[in-house]
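Okay, so here's the structure we're looking at.
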Amino acid sequence: MQQQPEVITDLDVASTTKSVMKKLPEVTLVFWIMKIAATTLGETAGDLFSQTLKLGYFLTTVVLFLVFVVTLVVQLRSRHYNPFFYWTVILSTSMAGTTMSDFMNRDASAKYLSKGTTSLGWGPQGLGLGYPAGAAILISLLLVIFAVWRLSGMTFQIRDIVTFRGEALFWSAILVSNTLGTSMGDFLSDSSGLGYAGGALVVAGALAVLVALMKVPVVPNVLLFWIAFVLTRPLGATAGDFLTKPTAKGGLDLGTMGSSAVLLVVLLGLMAYAHIQERKDGIAERV
């Protein structure tokens, strides 16, 4: 009896393409835990280079932006989702976003520099725009990216992003949103009078509202995702400041080096866990 040829539908092709071309992770609880860990490390590591090592906001921004470009190229050239590649880019955007925000918003005045310091590193000390103006610029830039994204006709669902253009728009939005989140976190912890713990509680409360809105059908989950993505950055920023700043300012005074080392170990552990889970899922799909 002659064997009938196998019929492959368009749905099968799309499913196969997604399994092969998947470049971004599923959004789960572990995803958000890793996001907060990466952004907290981004805050402490950014401050380590620019402030503790006194490289300054300008030079550190240039160096960390180049690091971001290198990690992004590795991610874009990868043919499938790799947790180490993906979360390294998230970390690099968080570090670059920290110093980009500081360079935009701060200057060499005593308000921003530690006691007895009159300058910080080589190059311009900062633009001194202030948090409101800096946030307005970053929000406008983020809206432009989303407008271009919408006009391109590509999906906002990150699990369905499988093209180079889609990834480029995604990572552009990530870099700007992490920079914006840093500005928000610094404003809440430094300028609002809430302090580090108070700022973290405000952001945590806002995130709790977003979780509740997930149960409301009329609110798009994609919108909630991007708001949450922005808000988890100030949560990481305030948590990082709480770990590193002196006790006189309401922090734990653990220092940028010690805090960054501990957070790096935590993030690497989470990356390893995500990698193991990804391999298990891949084996299960093949079976």
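The way I read the labels, and the way they are meant: chains A, B, ... in the order of the structure tokens, residue 1 as the first residue of every chain, and ligand 1 as the first ligand shown, with later ones counted on from there.
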Write out as CSV a residue-level contact list of region 216-282 of chain A versus region 79-90 of chain A with cut-off 10 Å: for each qualifying residue the closest pair of atoms and the distance in Å to one decimal, counting only C-alpha atoms, rows sorted by chain and residue number upward.
residue,atom,partner,partner_atom,distance
A:Leu267,CA,A:Trp87,CA,8.7
A:Leu268,CA,A:Phe84,CA,8.3
A:Leu270,CA,A:Pro83,CA,9.3
A:Met271,CA,A:Pro83,CA,5.9
A:Ala272,CA,A:Phe84,CA,7.9
A:Tyr273,CA,A:Pro83,CA,9.2
A:Ala274,CA,A:Pro83,CA,6.3
A:His275,CA,A:Pro83,CA,5.7
A:Ile276,CA,A:Pro83,CA,9.5
A:Gln277,CA,A:Pro83,CA,9.9
A:Glu278,CA,A:Pro83,CA,8.2
A:Arg279,CA,A:Asn82,CA,9.9
So that I have them on file, write out the residues from the current selection with all heavy atoms, as a short mmCIF file (atom, residue, chain, number, x, y, z; two decimals), in the first residue's frame.
data_model
loop_
_atom_site.label_atom_id
_atom_site.label_comp_id
_atom_site.auth_asym_id
_atom_site.auth_seq_id
_atom_site.Cartn_x
_atom_site.Cartn_y
_atom_site.Cartn_z
N LEU A 267 22.28 36.76 39.80
CA LEU A 267 21.82 36.80 38.41
C LEU A 267 22.38 35.64 37.60
O LEU A 267 21.66 35.03 36.79
CB LEU A 267 22.21 38.14 37.77
CG LEU A 267 21.71 38.36 36.33
CD1 LEU A 267 20.18 38.30 36.30
CD2 LEU A 267 22.20 39.69 35.79
N LEU A 268 23.65 35.30 37.80
CA LEU A 268 24.24 34.16 37.10
C LEU A 268 23.53 32.86 37.48
O LEU A 268 23.32 31.98 36.63
CB LEU A 268 25.74 34.07 37.40
CG LEU A 268 26.63 35.13 36.75
CD1 LEU A 268 28.06 35.01 37.26
CD2 LEU A 268 26.59 35.02 35.23
N LEU A 270 20.40 32.61 38.39
CA LEU A 270 19.10 32.64 37.72
C LEU A 270 19.24 32.35 36.23
O LEU A 270 18.39 31.68 35.63
CB LEU A 270 18.43 33.99 37.94
CG LEU A 270 17.95 34.28 39.37
CD1 LEU A 270 17.52 35.73 39.51
CD2 LEU A 270 16.80 33.35 39.75
N MET A 271 20.32 32.86 35.62
CA MET A 271 20.57 32.55 34.21
C MET A 271 20.77 31.05 34.00
O MET A 271 20.24 30.48 33.04
CB MET A 271 21.82 33.30 33.73
CG MET A 271 21.66 34.77 33.49
SD MET A 271 23.23 35.45 32.86
CE MET A 271 22.82 37.20 32.76
N ALA A 272 21.53 30.44 34.89
CA ALA A 272 21.77 29.00 34.79
C ALA A 272 20.46 28.22 34.93
O ALA A 272 20.20 27.26 34.20
CB ALA A 272 22.77 28.55 35.85
N TYR A 273 19.63 28.66 35.87
CA TYR A 273 18.32 28.02 36.07
C TYR A 273 17.46 28.15 34.81
O TYR A 273 16.85 27.17 34.35
CB TYR A 273 17.60 28.65 37.26
CG TYR A 273 16.16 28.22 37.41
CD1 TYR A 273 15.85 27.00 38.00
CD2 TYR A 273 15.12 29.03 36.95
CE1 TYR A 273 14.53 26.59 38.13
CE2 TYR A 273 13.81 28.63 37.08
CZ TYR A 273 13.51 27.42 37.67
OH TYR A 273 12.20 27.02 37.78
N ALA A 274 17.45 29.36 34.22
CA ALA A 274 16.66 29.59 33.00
C ALA A 274 17.18 28.74 31.85
O ALA A 274 16.41 28.22 31.04
CB ALA A 274 16.69 31.07 32.63
N HIS A 275 18.51 28.59 31.77
CA HIS A 275 19.11 27.78 30.71
C HIS A 275 18.72 26.32 30.86
O HIS A 275 18.38 25.65 29.86
CB HIS A 275 20.63 27.93 30.76
CG HIS A 275 21.35 27.18 29.68
ND1 HIS A 275 21.24 27.51 28.35
CD2 HIS A 275 22.17 26.09 29.74
CE1 HIS A 275 21.97 26.67 27.64
NE2 HIS A 275 22.54 25.80 28.45
N ILE A 276 18.75 25.81 32.08
CA ILE A 276 18.36 24.42 32.33
C ILE A 276 16.89 24.20 31.97
O ILE A 276 16.52 23.21 31.33
CB ILE A 276 18.62 24.04 33.80
CG1 ILE A 276 20.13 24.03 34.08
CG2 ILE A 276 18.00 22.69 34.13
CD1 ILE A 276 20.48 23.89 35.54
N GLN A 277 16.02 25.15 32.37
CA GLN A 277 14.60 25.03 32.06
C GLN A 277 14.36 25.08 30.56
O GLN A 277 13.50 24.35 30.04
CB GLN A 277 13.82 26.16 32.75
CG GLN A 277 13.73 26.03 34.26
CD GLN A 277 13.01 24.75 34.67
OE1 GLN A 277 13.59 23.85 35.26
NE2 GLN A 277 11.73 24.67 34.34
N GLU A 278 15.10 25.93 29.86
CA GLU A 278 14.95 26.04 28.41
C GLU A 278 15.34 24.73 27.73
O GLU A 278 14.67 24.29 26.79
CB GLU A 278 15.83 27.19 27.90
CG GLU A 278 15.58 27.57 26.46
CD GLU A 278 14.21 28.19 26.23
OE1 GLU A 278 13.62 28.70 27.21
OE2 GLU A 278 13.73 28.14 25.08
N ARG A 279 16.40 24.09 28.21
CA ARG A 279 16.82 22.81 27.63
C ARG A 279 15.78 21.73 27.91
O ARG A 279 15.48 20.91 27.04
CB ARG A 279 18.17 22.40 28.20
CG ARG A 279 19.31 23.28 27.75
CD ARG A 279 20.65 22.70 28.15
NE ARG A 279 20.90 21.43 27.48
CZ ARG A 279 22.00 20.72 27.66
NH1 ARG A 279 22.95 21.15 28.48
NH2 ARG A 279 22.18 19.58 27.02
#
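Of the residues listed (A:Asp107, A:Asp190, A:Asp160, A:Asp241), A:Asp107 shows the shortest atom-to-atom separation from Tyr57 (chain A); distances use only C-alpha atoms.
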(request) Find the residue from A:Leu180, A:Leu188, A:Leu243, A:Leu55 that sits nearest to Thr256 (chain A); use only C-alpha atoms when measuring. (result)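 Result for the nearest residue to Thr256 (chain A): A:Leu243.
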(message) For a quick check of understanding, using only C-alpha atoms, which of A:Ala37, A:Val148, A:Leu169, A:Leu120 has the smallest distance to Thr52 (chain A)?
(response)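 Of A:Ala37, A:Val148, A:Leu169, A:Leu120, the one nearest Thr52 (chain A) is A:Leu120, counting only C-alpha atoms.
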(request) Might you pull out every residue within 8 Å of Val176 (chain A), with only C-alpha atoms counted and same-chain residues fewer than 2 positions away left off, and present them as a VMD selection string? (result) chain A and resid 97 138 141 to 142 172 to 174 178 to 180
(request) Would you kindly return, as a PyMOL selection string, each protein, DNA or RNA residue with an atom no farther than 12 Å from any atom of region 201-206 of chain A, considering only C-alpha atoms and excluding same-chain residues fewer than 5 positions away? (result) chain A and resi 36+181+184-185+187-189+192+194-196+211-213+224+227-239
